[in-house]
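A.B. asks: Sharing final.cif, mmCIF, C-alpha atoms and all ligand atoms:
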```
data_upload
loop_
_atom_site.label_atom_id
_atom_site.label_comp_id
_atom_site.auth_asym_id
_atom_site.auth_seq_id
_atom_site.Cartn_x
_atom_site.Cartn_y
_atom_site.Cartn_z
CA GLU A 169 0.00 0.00 0.00
CA ALA A 170 2.73 2.46 0.96
CA ALA A 171 4.59 1.63 -2.26
CA HIS A 172 1.40 2.29 -4.28
CA GLU A 173 0.83 5.58 -2.51
CA ARG A 174 4.33 6.87 -3.18
CA TYR A 175 4.00 5.76 -6.80
CA ARG A 176 0.72 7.63 -7.22
CA ASP A 177 2.16 10.79 -5.70
CA ALA A 178 5.27 10.63 -7.88
CA ASN A 179 3.41 10.15 -11.18
CA PRO A 180 0.34 12.42 -11.28
CA ARG A 181 0.43 13.09 -15.03
CA SER A 182 0.67 9.40 -15.85
CA TYR A 183 -2.31 8.77 -13.58
CA GLN A 184 -4.30 11.44 -15.38
CA GLN A 185 -3.29 10.04 -18.76
CA HIS A 186 -4.34 6.55 -17.70
CA ARG A 187 -7.80 7.79 -16.75
CA LYS A 188 -8.16 9.53 -20.10
CA ALA A 189 -7.01 6.42 -21.97
CA ALA A 190 -9.54 4.28 -20.09
CA GLU A 191 -12.32 6.29 -21.73
CA VAL A 192 -11.42 4.84 -25.13
CA LEU A 193 -9.28 1.73 -24.50
CA PRO A 194 -10.40 -1.14 -22.22
CA GLY A 195 -8.58 -0.48 -18.96
CA GLY A 196 -6.69 2.28 -20.77
CA ASN A 197 -4.70 -0.50 -22.42
CA THR A 198 -3.85 -2.04 -25.77
CA ARG A 199 -0.91 -4.18 -24.59
CA THR A 200 -1.72 -6.37 -21.60
CA VAL A 201 1.96 -6.77 -20.62
CA LEU A 202 2.27 -3.03 -20.07
CA TYR A 203 -0.59 -2.94 -17.59
CA SER A 204 0.52 -2.30 -14.08
CA ASP A 205 -1.44 -1.92 -10.89
CA PRO A 206 -2.43 0.76 -9.74
CA PHE A 207 -1.82 2.37 -13.18
CA PRO A 208 1.01 2.26 -15.73
CA ILE A 209 3.46 5.13 -16.18
CA THR A 210 3.21 6.80 -19.60
CA LEU A 211 6.45 7.40 -21.48
CA ALA A 212 7.05 10.65 -23.33
CA SER A 213 10.43 10.06 -24.99
CA ALA A 214 13.52 7.87 -25.17
CA GLU A 215 17.22 8.32 -25.90
CA GLY A 216 20.14 5.86 -25.85
CA CYS A 217 19.19 3.31 -23.19
CA ARG A 218 16.96 5.64 -21.21
CA VAL A 219 13.25 6.45 -21.28
CA THR A 220 11.54 9.54 -19.86
CA SER A 221 8.04 9.56 -18.41
CA LEU A 222 5.25 12.08 -18.89
CA ASP A 223 6.05 13.15 -15.33
CA GLY A 224 9.58 14.04 -16.42
CA LYS A 225 11.39 11.22 -14.68
CA GLU A 226 14.24 9.40 -16.43
CA TYR A 227 14.74 5.63 -16.21
CA VAL A 228 17.40 3.18 -17.34
CA ASP A 229 15.46 1.12 -19.86
CA TYR A 230 15.80 -2.50 -18.72
CA LEU A 231 12.46 -3.45 -20.26
CA GLY A 232 14.02 -2.86 -23.67
CA GLU A 233 10.67 -3.26 -25.42
CA PHE A 234 10.58 -6.90 -24.37
CA THR A 235 13.78 -7.55 -26.36
CA ALA A 236 12.80 -5.60 -29.51
CA GLY A 237 14.73 -2.66 -28.06
CA LEU A 238 18.13 -4.29 -28.48
CA TYR A 239 19.55 -1.32 -30.42
CA GLY A 240 18.41 1.26 -27.89
CA HIS A 241 16.64 4.39 -29.05
CA SER A 242 19.14 6.44 -31.00
CA ASP A 243 21.49 4.29 -33.06
CA PRO A 244 22.95 6.61 -35.73
CA LEU A 245 23.13 3.95 -38.47
CA LEU A 246 19.51 2.98 -37.93
CA ARG A 247 18.47 6.61 -37.91
CA GLU A 248 20.24 7.07 -41.25
CA ALA A 249 18.45 3.98 -42.62
CA VAL A 250 15.06 5.30 -41.53
CA GLU A 251 15.83 8.70 -43.03
CA SER A 252 16.75 7.09 -46.34
CA ALA A 253 13.42 5.22 -46.27
CA LEU A 254 11.63 8.51 -45.60
CA GLN A 255 13.34 10.04 -48.65
CA SER A 256 12.29 7.22 -50.95
CA GLY A 257 8.63 6.87 -50.05
CA TRP A 258 7.41 4.20 -47.71
CA VAL A 259 4.07 2.76 -48.91
CA ARG A 260 4.99 1.41 -52.31
CA GLY A 261 2.97 -1.74 -52.85
CA GLY A 262 5.75 -3.55 -54.69
CA HIS A 263 8.84 -5.60 -53.93
CA ILE A 264 11.80 -3.66 -52.60
CA GLU A 265 15.50 -4.52 -52.74
CA GLN A 266 15.86 -4.41 -48.97
CA GLU A 267 13.55 -7.39 -48.43
CA GLU A 268 15.99 -9.62 -50.32
CA LYS A 269 18.84 -8.11 -48.34
CA LEU A 270 17.25 -8.74 -44.95
CA ALA A 271 16.15 -12.24 -46.01
CA ARG A 272 19.70 -13.09 -47.13
CA LEU A 273 21.22 -11.85 -43.87
CA ILE A 274 18.76 -14.03 -41.93
CA CYS A 275 19.34 -17.12 -44.13
CA ASP A 276 23.11 -16.68 -43.78
CA ARG A 277 22.95 -16.47 -40.01
CA PHE A 278 20.40 -18.98 -38.78
CA PRO A 279 21.42 -22.59 -39.47
CA SER A 280 17.84 -23.87 -39.96
CA ILE A 281 16.68 -21.11 -42.29
CA GLU A 282 17.08 -21.79 -46.01
CA ARG A 283 14.10 -19.66 -47.02
CA VAL A 284 12.21 -17.08 -44.99
CA ARG A 285 8.97 -15.11 -45.14
CA PHE A 286 8.17 -11.93 -43.28
CA THR A 287 5.17 -11.09 -41.13
CA ASN A 288 4.27 -8.15 -38.94
CA SER A 289 4.69 -9.79 -35.56
CA GLY A 290 5.96 -12.86 -33.79
CA THR A 291 2.37 -13.89 -33.17
CA GLU A 292 1.70 -14.01 -36.90
CA ALA A 293 4.95 -15.92 -37.44
CA THR A 294 3.72 -18.60 -35.01
CA LEU A 295 0.34 -18.67 -36.69
CA TYR A 296 1.80 -19.19 -40.17
CA ALA A 297 4.42 -21.69 -39.04
CA ILE A 298 1.99 -24.02 -37.31
CA SER A 299 -0.77 -23.54 -39.90
CA ALA A 300 1.66 -24.42 -42.70
CA VAL A 301 2.97 -27.53 -40.97
CA ARG A 302 -0.55 -28.71 -40.18
CA ALA A 303 -1.53 -28.29 -43.83
CA ILE A 304 1.63 -30.00 -45.15
CA SER A 305 1.39 -32.96 -42.78
CA GLY A 306 -2.37 -33.33 -42.82
CA ARG A 307 -2.19 -33.75 -39.04
CA SER A 308 -3.88 -31.44 -36.60
CA LYS A 309 -2.13 -31.54 -33.23
CA VAL A 310 0.61 -29.21 -32.06
CA LEU A 311 2.71 -30.08 -29.02
CA VAL A 312 3.69 -27.07 -26.91
CA PHE A 313 5.01 -26.66 -23.37
CA ASP A 314 3.72 -25.42 -20.04
CA GLY A 315 4.88 -21.85 -19.42
CA ALA A 316 5.30 -21.15 -23.16
CA TYR A 317 4.49 -17.88 -24.88
CA HIS A 318 4.32 -17.82 -28.67
CA GLY A 319 2.32 -14.62 -29.08
CA GLY A 320 -0.84 -12.97 -27.85
CA VAL A 321 -3.23 -15.87 -28.38
CA PHE A 322 -0.62 -18.60 -27.92
CA VAL A 323 -0.08 -18.44 -24.17
CA PHE A 324 0.37 -21.62 -22.16
CA LYS A 325 0.92 -20.31 -18.67
CA THR A 326 -0.72 -22.09 -15.76
CA VAL A 327 -4.25 -20.77 -16.33
CA GLN A 328 -6.36 -22.02 -19.22
CA ASN A 329 -6.29 -19.57 -22.11
CA PRO A 330 -9.66 -19.52 -23.93
CA LEU A 331 -8.16 -17.73 -26.96
CA THR A 332 -6.17 -20.78 -28.08
CA ALA A 333 -9.43 -22.62 -28.83
CA PRO A 334 -9.18 -22.91 -32.66
CA PHE A 335 -6.08 -25.11 -32.41
CA ASP A 336 -5.60 -28.57 -31.00
CA PHE A 337 -2.70 -28.18 -28.59
CA VAL A 338 -1.12 -30.84 -26.43
CA VAL A 339 0.70 -29.19 -23.50
CA ALA A 340 3.80 -31.07 -22.34
CA PRO A 341 6.05 -30.48 -19.30
CA TYR A 342 9.04 -28.27 -20.24
CA ASN A 343 12.46 -29.78 -19.58
CA ASP A 344 10.91 -33.10 -18.50
CA TRP A 345 11.84 -35.68 -21.12
CA ASP A 346 9.97 -38.66 -19.64
CA GLY A 347 6.73 -36.68 -19.31
CA THR A 348 7.16 -35.19 -22.77
CA ARG A 349 8.03 -38.50 -24.44
CA ALA A 350 4.90 -40.11 -23.02
CA LEU A 351 2.76 -37.38 -24.63
CA LEU A 352 4.71 -37.53 -27.90
CA GLU A 353 4.17 -41.25 -28.13
CA ALA A 354 0.50 -41.09 -27.16
CA ASN A 355 -0.13 -38.47 -29.89
CA ALA A 356 2.41 -39.55 -32.50
CA GLN A 357 -0.09 -40.32 -35.28
CA ALA A 358 -1.92 -37.00 -35.01
CA LEU A 359 1.03 -34.73 -34.30
CA SER A 360 2.01 -32.18 -36.95
CA CYS A 361 4.74 -30.39 -35.03
CA VAL A 362 6.45 -29.62 -31.77
CA LEU A 363 6.77 -25.90 -31.02
CA ILE A 364 9.28 -24.81 -28.38
CA GLU A 365 11.14 -21.76 -27.15
CA PRO A 366 14.73 -22.95 -26.60
CA MET A 367 14.60 -20.59 -23.66
CA GLN A 368 11.16 -19.62 -22.37
CA GLY A 369 11.16 -15.83 -22.37
CA SER A 370 7.83 -14.59 -21.11
CA GLY A 371 7.55 -17.69 -18.89
CA GLY A 372 10.46 -16.31 -16.85
CA CYS A 373 13.70 -16.67 -18.85
CA ILE A 374 13.94 -20.41 -18.25
CA PRO A 375 16.37 -22.13 -20.63
CA ALA A 376 15.65 -25.57 -22.04
CA SER A 377 18.51 -27.91 -21.28
CA PRO A 378 20.47 -28.71 -24.45
CA SER A 379 19.93 -32.43 -23.75
CA PHE A 380 16.14 -31.93 -23.66
CA LEU A 381 16.27 -30.09 -26.99
CA ARG A 382 18.51 -32.82 -28.42
CA GLN A 383 16.06 -35.53 -27.31
CA LEU A 384 13.21 -33.59 -28.93
CA ARG A 385 15.24 -33.17 -32.12
CA ASP A 386 16.02 -36.90 -32.29
CA TRP A 387 12.46 -38.04 -31.54
CA THR A 388 10.83 -35.65 -34.03
CA GLU A 389 13.31 -36.61 -36.73
CA GLN A 390 12.74 -40.33 -36.18
CA ASN A 391 8.96 -39.91 -36.16
CA GLY A 392 8.47 -37.51 -39.06
CA VAL A 393 7.21 -34.66 -36.89
CA THR A 394 8.33 -31.10 -37.67
CA LEU A 395 10.33 -29.32 -34.97
CA ILE A 396 9.80 -25.56 -34.70
CA PHE A 397 12.01 -23.35 -32.56
CA ASP A 398 10.43 -20.07 -31.53
CA GLU A 399 13.50 -17.83 -31.42
CA VAL A 400 11.52 -14.60 -31.39
CA MET A 401 13.35 -13.63 -28.19
CA THR A 402 16.41 -15.87 -28.22
CA SER A 403 17.67 -15.07 -31.73
CA ARG A 404 19.88 -12.37 -30.18
CA LEU A 405 21.83 -14.75 -27.96
CA SER A 406 24.42 -15.54 -30.61
CA GLY A 407 24.91 -14.64 -34.27
CA GLY A 408 22.53 -17.49 -35.17
CA GLY A 409 20.38 -17.77 -32.04
CA LEU A 410 20.30 -20.56 -29.49
CA GLN A 411 20.11 -23.15 -32.30
CA GLU A 412 23.61 -22.13 -33.31
CA MET A 413 24.89 -21.91 -29.74
CA TYR A 414 23.61 -25.43 -28.95
CA GLY A 415 24.28 -26.92 -32.38
CA ILE A 416 20.69 -28.18 -32.65
CA THR A 417 18.88 -27.40 -35.90
CA PRO A 418 15.07 -27.34 -36.01
CA ASP A 419 13.06 -27.67 -39.25
CA ILE A 420 11.44 -24.26 -38.91
CA THR A 421 12.31 -21.17 -36.87
CA THR A 422 10.21 -18.16 -35.98
CA LEU A 423 11.78 -14.74 -35.44
CA GLY A 424 10.65 -11.29 -34.41
CA LYS A 425 11.49 -8.41 -32.10
CA TYR A 426 14.81 -6.55 -32.61
CA ILE A 427 15.38 -7.90 -36.12
CA GLY A 428 12.90 -5.27 -37.33
CA ALA A 429 15.14 -2.63 -35.71
CA GLY A 430 12.24 -1.36 -33.62
CA PHE A 431 9.56 -1.56 -36.34
CA SER A 432 6.80 -4.17 -36.53
CA PHE A 433 8.40 -7.46 -37.46
CA GLY A 434 8.05 -11.20 -37.50
CA ALA A 435 9.39 -13.99 -39.71
CA PHE A 436 9.17 -17.72 -40.17
CA GLY A 437 11.68 -19.70 -42.14
CA GLY A 438 13.22 -23.10 -42.48
CA ARG A 439 13.93 -25.99 -44.78
CA GLU A 440 13.52 -25.22 -48.44
CA ASP A 441 11.13 -28.14 -49.08
CA LEU A 442 8.77 -26.92 -46.35
CA MET A 443 8.99 -23.24 -47.23
CA SER A 444 8.54 -23.88 -50.96
CA HIS A 445 4.82 -24.43 -50.27
CA PHE A 446 4.69 -20.64 -50.15
CA ASP A 447 6.22 -20.23 -53.64
CA PRO A 448 3.35 -18.54 -55.52
CA SER A 449 4.49 -19.99 -58.86
CA ARG A 450 3.79 -23.47 -57.55
CA VAL A 451 0.42 -25.11 -58.18
CA GLY A 452 -1.54 -25.24 -54.94
CA ALA A 453 0.82 -22.83 -53.14
CA PHE A 454 -0.23 -21.56 -49.73
CA SER A 455 -1.32 -17.97 -49.69
CA HIS A 456 0.60 -15.61 -47.47
CA ALA A 457 -0.17 -11.99 -48.15
CA GLY A 458 0.16 -9.16 -45.71
CA THR A 459 0.03 -5.50 -46.59
CA PHE A 460 2.98 -4.65 -44.36
CA ASN A 461 5.08 -7.83 -44.71
CA ASN A 462 7.81 -5.93 -46.58
CA ASN A 463 7.25 -2.50 -45.12
CA VAL A 464 10.02 -0.15 -46.09
CA PHE A 465 11.07 0.95 -42.60
CA THR A 466 11.36 -2.57 -41.22
CA MET A 467 13.21 -3.99 -44.22
CA THR A 468 15.64 -1.07 -44.57
CA ALA A 469 16.48 -0.56 -40.90
CA GLY A 470 16.39 -4.30 -40.17
CA ALA A 471 18.98 -5.06 -42.86
CA VAL A 472 21.30 -2.26 -41.70
CA GLY A 473 20.93 -3.44 -38.10
CA LEU A 474 21.97 -7.03 -38.84
CA GLU A 475 24.68 -6.14 -41.32
CA LYS A 476 26.34 -3.23 -39.58
CA VAL A 477 25.29 -3.00 -35.96
CA PHE A 478 24.39 -6.36 -34.43
CA THR A 479 27.06 -8.48 -36.09
CA PRO A 480 27.72 -12.02 -34.77
CA ILE A 481 30.74 -10.76 -32.81
CA ILE A 482 28.69 -8.05 -31.13
CA ALA A 483 26.02 -10.66 -30.35
CA GLU A 484 28.56 -12.86 -28.61
CA GLN A 485 29.97 -9.94 -26.63
CA LEU A 486 26.51 -8.91 -25.45
CA THR A 487 25.77 -12.46 -24.34
CA GLU A 488 29.02 -12.55 -22.34
CA ARG A 489 28.26 -9.20 -20.72
CA GLY A 490 24.78 -10.39 -19.80
CA ASN A 491 26.08 -13.64 -18.35
CA SER A 492 28.56 -11.84 -16.15
CA LEU A 493 25.99 -9.28 -14.96
CA ARG A 494 23.58 -12.08 -14.06
CA GLU A 495 26.32 -13.91 -12.16
CA ARG A 496 27.09 -10.77 -10.16
CA LEU A 497 23.41 -10.19 -9.33
CA ASN A 498 22.98 -13.80 -8.23
CA GLU A 499 26.11 -13.55 -6.12
CA ILE A 500 24.61 -10.62 -4.17
CA ALA A 501 21.49 -12.63 -3.29
CA ALA A 502 23.45 -15.83 -2.60
CA GLN A 503 25.85 -14.12 -0.19
CA ALA A 504 22.91 -12.87 1.86
CA SER A 505 21.10 -16.24 1.55
CA PHE A 506 18.21 -14.19 0.21
CA PRO A 507 15.49 -16.05 -1.78
CA MET A 508 16.06 -14.19 -5.03
CA GLN A 509 17.64 -15.26 -8.31
CA PHE A 510 18.06 -14.07 -11.87
CA THR A 511 17.55 -16.78 -14.49
CA GLY A 512 18.23 -16.55 -18.21
CA VAL A 513 20.92 -16.63 -20.85
CA GLY A 514 23.10 -13.70 -21.89
CA SER A 515 21.28 -10.42 -22.26
CA LEU A 516 17.85 -11.77 -21.23
CA MET A 517 17.03 -12.33 -17.58
CA ASN A 518 14.15 -12.59 -15.14
CA VAL A 519 14.12 -12.22 -11.38
CA HIS A 520 12.40 -14.86 -9.25
CA MET A 521 11.86 -14.58 -5.53
CA CYS A 522 12.68 -18.15 -4.59
CA GLY A 523 15.67 -20.39 -4.09
CA GLY A 524 16.40 -23.75 -5.74
CA GLU A 525 16.82 -24.83 -9.35
CA ILE A 526 14.30 -23.40 -11.80
CA GLU A 527 13.80 -25.71 -14.77
CA SER A 528 10.19 -24.91 -15.58
CA VAL A 529 7.26 -22.80 -14.43
CA ARG A 530 6.42 -25.72 -12.13
CA ASP A 531 9.40 -24.65 -10.00
CA LEU A 532 7.99 -21.15 -9.54
CA THR A 533 5.06 -22.03 -7.30
CA GLY A 534 7.03 -20.93 -4.23
CA SER A 535 8.10 -17.61 -5.75
CA ASP A 536 7.06 -14.68 -3.53
CA MET A 537 4.97 -12.38 -5.75
CA ASN A 538 4.62 -9.68 -3.09
CA LEU A 539 8.38 -9.45 -2.80
CA ARG A 540 8.68 -9.25 -6.57
CA ASP A 541 6.16 -6.39 -6.64
CA LEU A 542 8.04 -4.54 -3.89
CA PHE A 543 11.24 -4.95 -5.89
CA TYR A 544 9.48 -3.55 -8.94
CA PHE A 545 8.27 -0.40 -7.15
CA ASP A 546 11.68 -0.02 -5.55
CA LEU A 547 13.35 -0.04 -8.96
CA ILE A 548 10.84 2.42 -10.43
CA GLU A 549 11.54 4.80 -7.56
CA ARG A 550 15.28 4.49 -8.21
CA GLY A 551 14.98 5.24 -11.92
CA ILE A 552 15.12 1.72 -13.34
CA TRP A 553 12.51 0.56 -15.86
CA PRO A 554 12.02 -3.23 -15.77
CA ALA A 555 9.11 -5.29 -17.07
CA ARG A 556 6.44 -5.63 -14.41
CA ARG A 557 6.87 -9.39 -14.30
CA GLY A 558 10.56 -9.00 -13.48
CA MET A 559 12.15 -9.30 -16.88
CA PHE A 560 15.40 -7.40 -17.60
CA ASN A 561 16.80 -7.09 -21.12
CA LEU A 562 20.10 -5.50 -21.99
CA SER A 563 20.47 -3.20 -24.95
CA LEU A 564 23.59 -2.34 -26.92
CA PRO A 565 24.06 1.20 -25.54
CA MET A 566 24.19 -0.10 -21.94
CA GLY A 567 27.52 -0.11 -20.17
CA VAL A 568 29.17 -0.37 -16.78
CA LEU A 569 27.23 2.61 -15.43
CA GLU A 570 23.81 1.11 -16.19
CA PHE A 571 24.86 -2.31 -14.87
CA SER A 572 26.10 -0.82 -11.62
CA VAL A 573 22.82 1.07 -11.14
CA LEU A 574 21.03 -2.28 -11.17
CA GLU A 575 23.65 -4.00 -8.99
CA GLU A 576 23.37 -1.27 -6.37
CA ALA A 577 19.58 -1.49 -6.43
CA VAL A 578 19.73 -5.25 -5.86
CA LYS A 579 22.29 -4.83 -3.06
CA ASP A 580 20.11 -2.29 -1.25
CA PHE A 581 16.93 -4.30 -1.75
CA VAL A 582 18.54 -7.46 -0.41
CA ARG A 583 20.05 -5.58 2.56
CA VAL A 584 16.79 -3.88 3.56
CA ARG A 585 14.54 -6.90 2.98
CA SER A 586 16.89 -9.42 4.62
CA LYS A 587 16.44 -7.57 7.91
CA LEU A 588 12.68 -7.97 7.67
CA PHE A 589 12.80 -11.74 7.20
N1 LIG A 601 7.18 -15.74 -29.39
C1 LIG A 601 7.89 -15.38 -28.32
C2 LIG A 601 8.88 -16.33 -27.74
C3 LIG A 601 7.73 -14.10 -27.77
O1 LIG A 601 8.41 -13.75 -26.68
C4 LIG A 601 6.82 -13.21 -28.37
C5 LIG A 601 6.60 -11.86 -27.82
O2 LIG A 601 6.94 -11.56 -26.70
C6 LIG A 601 6.09 -13.64 -29.48
C7 LIG A 601 6.31 -14.90 -29.99
C8 LIG A 601 5.10 -12.75 -30.13
O3 LIG A 601 5.69 -11.69 -30.78
P1 LIG A 601 4.85 -10.33 -31.07
O4 LIG A 601 4.70 -9.65 -29.76
O5 LIG A 601 5.68 -9.60 -32.05
O6 LIG A 601 3.55 -10.78 -31.64
#
```
Show this structure as structure tokens.
Ligand code: PLP
C.D. replies:
Amino acid sequence: EAAHERYRDANPRSYQQHRKAAEVLPGGNTRTVLYSDPFPITLASAEGCRVTSLDGKEYVDYLGEFTAGLYGHSDPLLREAVESALQSGWVRGGHIEQEEKLARLICDRFPSIERVRFTNSGTEATLYAISAVRAISGRSKVLVFDGAYHGGVFVFKTVQNPLTAPFDFVVAPYNDWDGTRALLEANAQALSCVLIEPMQGSGGCIPASPSFLRQLRDWTEQNGVTLIFDEVMTSRLSGGGLQEMYGITPDITTLGKYIGAGFSFGAFGGREDLMSHFDPSRVGAFSHAGTFNNNVFTMTAGAVGLEKVFTPIIAEQLTERGNSLRERLNEIAAQASFPMQFTGVGSLMNVHMCGGEIESVRDLTGSDMNLRDLFYFDLIERGIWPARRGMFNLSLPMGVLEFSVLEEAVKDFVRVRSKLF
């Protein structure tokens, strides 16, 4: 209550804006993940790796647009790319050179992707990937995992999600091979594909063990079931995503987020024989049209981003920096024997208020949500902008200063809260 009160007092303009928005948007909201009790703070501008609220307060941007903000807010090469797009007209209704360029960069980098098609979001990429595989295989079921998030309507957290109704999903236990194998075998004849995040992002930055992914790869290959990796979030973790880091190649991969350089983006790609069903010159080709699939801003800035800014070497460096920050944060909590840990890989992490190994959302039942909320309000007061559910994403402009701001915040939180335990 006290935290809410201080928050309300510190952000009067955001409160006012929220009330105005609620007159025309349900709950003042068009993105559920940005909702925050008692009301969300409205942002007025952004620069580098910082965002500024309508109330004039500056924050270090650890939310990083849920990983789409990898480049930060002011990269000069991306700005130049966007300006060139502005000069050349941006609603052309024809093919543009940059779509081939971005597609080639993606095919060169991701081991599983021989051909790729663009969408406007990761959600759409999921939709097309599973719809295509269902049509190709003539089988209806899709095996997914508890805790998974594959886009707005494809949420498999603990509560039943009524929006997934049109599809026939089988939900298997993440990182549990025996439990998963039993479901694979029971559904083998009807299964079109297995869809998995090699690290669950929205579920709490919980990595799949490489051996679990390997077992899935082997079983799907032996049983003629398509394996889809959703690398919408994890594609940044090396030059070619987690599939490259682990040396495990799925049949199809979905992408999204930062690859559009901050503009609406999604993609699905994979083996040539699967993707060729979308070749319009082929008899019986699948239709995949989308007014904005090759929008000029996304294609132009996206290609410049992958070619010149987020090169494979930079990707590896960012992953190393993220790993060492996460180790330092975990060390702070471990030294105080405080029930708090940061899970994840590289530049993507999530805080959980519990001890013990976290291998799936099933291990989060003991996580203290009140403590997590207090941590959130504490960070907001200190000028740090994390996702409400405790996700922290690094961006390229971040450096030692921004990392130490978070380390100090964790130190203070652990010190103050340890006394109260
Ligand atoms: N898949 C994963 C793993 C995601 O994390 C997300 C978004 O957070 C999506 C798909 C959906 O992407 P979008 O928000 O662009 O629809």
A.B. asks: Give me the residues within 10 Å of Phe234 (chain A) as a PyMOL selection string, counting all atoms listed in the file and dropping any in the same chain fewer than 2 places off.
C.D. replies: chain A and resi 201+230-232+236-238+369-370+401+425-426+516+554-555+559-562
A.B. asks: What's the separation between CA of Cys217 (chain A) and CA of Gly567 (chain A), in Å to one decimal place?
C.D. replies: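 Distance between the two atoms: 9.5 Å.
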A.B. asks: Give me, as a PyMOL selection string, the set of residues whose atoms come within 9 Å of any atom of ligand LIG 601 (chain A), counting only C-alpha atoms and all ligand atoms.
C.D. replies: chain A and resi 234-236+288-294+316-320+322+364-371+398-402+422-425+432-434
A.B. asks: What does the file look like for those residues with C-alpha atoms, as a PDB file, keeping the file's coordinate frame?
C.D. replies:
```pdb
ATOM      1  CA  PHE A 234      10.580  -6.900 -24.370  1.00  0.00           C
ATOM      2  CA  THR A 235      13.780  -7.550 -26.360  1.00  0.00           C
ATOM      3  CA  ALA A 236      12.800  -5.600 -29.510  1.00  0.00           C
ATOM      4  CA  ASN A 288       4.270  -8.150 -38.940  1.00  0.00           C
ATOM      5  CA  SER A 289       4.690  -9.790 -35.560  1.00  0.00           C
ATOM      6  CA  GLY A 290       5.960 -12.860 -33.790  1.00  0.00           C
ATOM      7  CA  THR A 291       2.370 -13.890 -33.170  1.00  0.00           C
ATOM      8  CA  GLU A 292       1.700 -14.010 -36.900  1.00  0.00           C
ATOM      9  CA  ALA A 293       4.950 -15.920 -37.440  1.00  0.00           C
ATOM     10  CA  THR A 294       3.720 -18.600 -35.010  1.00  0.00           C
ATOM     11  CA  ALA A 316       5.300 -21.150 -23.160  1.00  0.00           C
ATOM     12  CA  TYR A 317       4.490 -17.880 -24.880  1.00  0.00           C
ATOM     13  CA  HIS A 318       4.320 -17.820 -28.670  1.00  0.00           C
ATOM     14  CA  GLY A 319       2.320 -14.620 -29.080  1.00  0.00           C
ATOM     15  CA  GLY A 320      -0.840 -12.970 -27.850  1.00  0.00           C
ATOM     16  CA  PHE A 322      -0.620 -18.600 -27.920  1.00  0.00           C
ATOM     17  CA  ILE A 364       9.280 -24.810 -28.380  1.00  0.00           C
ATOM     18  CA  GLU A 365      11.140 -21.760 -27.150  1.00  0.00           C
ATOM     19  CA  PRO A 366      14.730 -22.950 -26.600  1.00  0.00           C
ATOM     20  CA  MET A 367      14.600 -20.590 -23.660  1.00  0.00           C
ATOM     21  CA  GLN A 368      11.160 -19.620 -22.370  1.00  0.00           C
ATOM     22  CA  GLY A 369      11.160 -15.830 -22.370  1.00  0.00           C
ATOM     23  CA  SER A 370       7.830 -14.590 -21.110  1.00  0.00           C
ATOM     24  CA  GLY A 371       7.550 -17.690 -18.890  1.00  0.00           C
ATOM     25  CA  ASP A 398      10.430 -20.070 -31.530  1.00  0.00           C
ATOM     26  CA  GLU A 399      13.500 -17.830 -31.420  1.00  0.00           C
ATOM     27  CA  VAL A 400      11.520 -14.600 -31.390  1.00  0.00           C
ATOM     28  CA  MET A 401      13.350 -13.630 -28.190  1.00  0.00           C
ATOM     29  CA  THR A 402      16.410 -15.870 -28.220  1.00  0.00           C
ATOM     30  CA  THR A 422      10.210 -18.160 -35.980  1.00  0.00           C
ATOM     31  CA  LEU A 423      11.780 -14.740 -35.440  1.00  0.00           C
ATOM     32  CA  GLY A 424      10.650 -11.290 -34.410  1.00  0.00           C
ATOM     33  CA  LYS A 425      11.490  -8.410 -32.100  1.00  0.00           C
ATOM     34  CA  SER A 432       6.800  -4.170 -36.530  1.00  0.00           C
ATOM     35  CA  PHE A 433       8.400  -7.460 -37.460  1.00  0.00           C
ATOM     36  CA  GLY A 434       8.050 -11.200 -37.500  1.00  0.00           C
TER      37      GLY A 434
END
```
A.B. asks: One decimal, in Å: what's the spacing between CA of Leu311 (chain A) and CA of Val339 (chain A)?
C.D. replies: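 These atoms are spaced 5.9 Å apart.
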A.B. asks: Using all atoms listed in the file, find the one residue out of A:Glu488, A:Asp546, A:Glu495, A:Glu475 that sits nearest to Lys269 (chain A).
C.D. replies: A:Glu475
A.B. asks: Restricting the calculation to all atoms listed in the file: of A:Thr394, A:Thr487, A:Asn462, A:Thr479, which residue gets closest to Gly438 (chain A)?
C.D. replies: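 Among the listed residues, the smallest separation from Gly438 (chain A) belongs to A:Thr394.
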A.B. asks: Excluding same-chain residues fewer than 5 positions from Leu246 (chain A), what lies within 9 Å of it counting only C-alpha atoms, as a PyMOL selection string?
C.D. replies: chain A and resi 239+251+429+468-470+472-473+477
A.B. asks: Edge lengths and centre, in Å to one decimal, as AutoDock Vina command-line options: that's what I need for the box along x, y and z that holds all listed atoms of region 504-516 of chain A plus 6 Å on each side.
C.D. replies:
```
--center_x 19.3 --center_y -13.6 --center_z -10.2 --size_x 19.6 --size_y 18.4 --size_z 36.1
```
A.B. asks: When you count only C-alpha atoms, which of these residues is closest to Pro341 (chain A): A:Ile427, A:Asp177, A:Ile264, A:Phe313?
C.D. replies: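 The shortest atom-to-atom distance to Pro341 (chain A) comes from A:Phe313.
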A.B. asks: Which residue is closest to Pro279 (chain A)? Choose from A:Glu412, A:Glu527, A:Asp314, A:Glu570 and count only C-alpha atoms.
C.D. replies: A:Glu412
A.B. asks: May I have the residues at most 12 Å from (6.4, -33.4, -15.7) in the file's coordinates, counting all atoms listed in the file, as a ChimeraX atom specification?
C.D. replies: /A:313-314,339-351,527-531
A.B. asks: Would you kindly return, as a list in words, each protein, DNA or RNA residue with an atom no farther than 7 Å from any atom of Ala483 (chain A), considering all atoms listed in the file and excluding same-chain residues fewer than 2 positions away?
C.D. replies: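 Near neighbours after the sequence-gap exclusion: Arg404, Leu405, Ser406, Gly407, Phe478, Thr479, Pro480, Ile481, Gln485, Leu486 and Thr487 of chain A.
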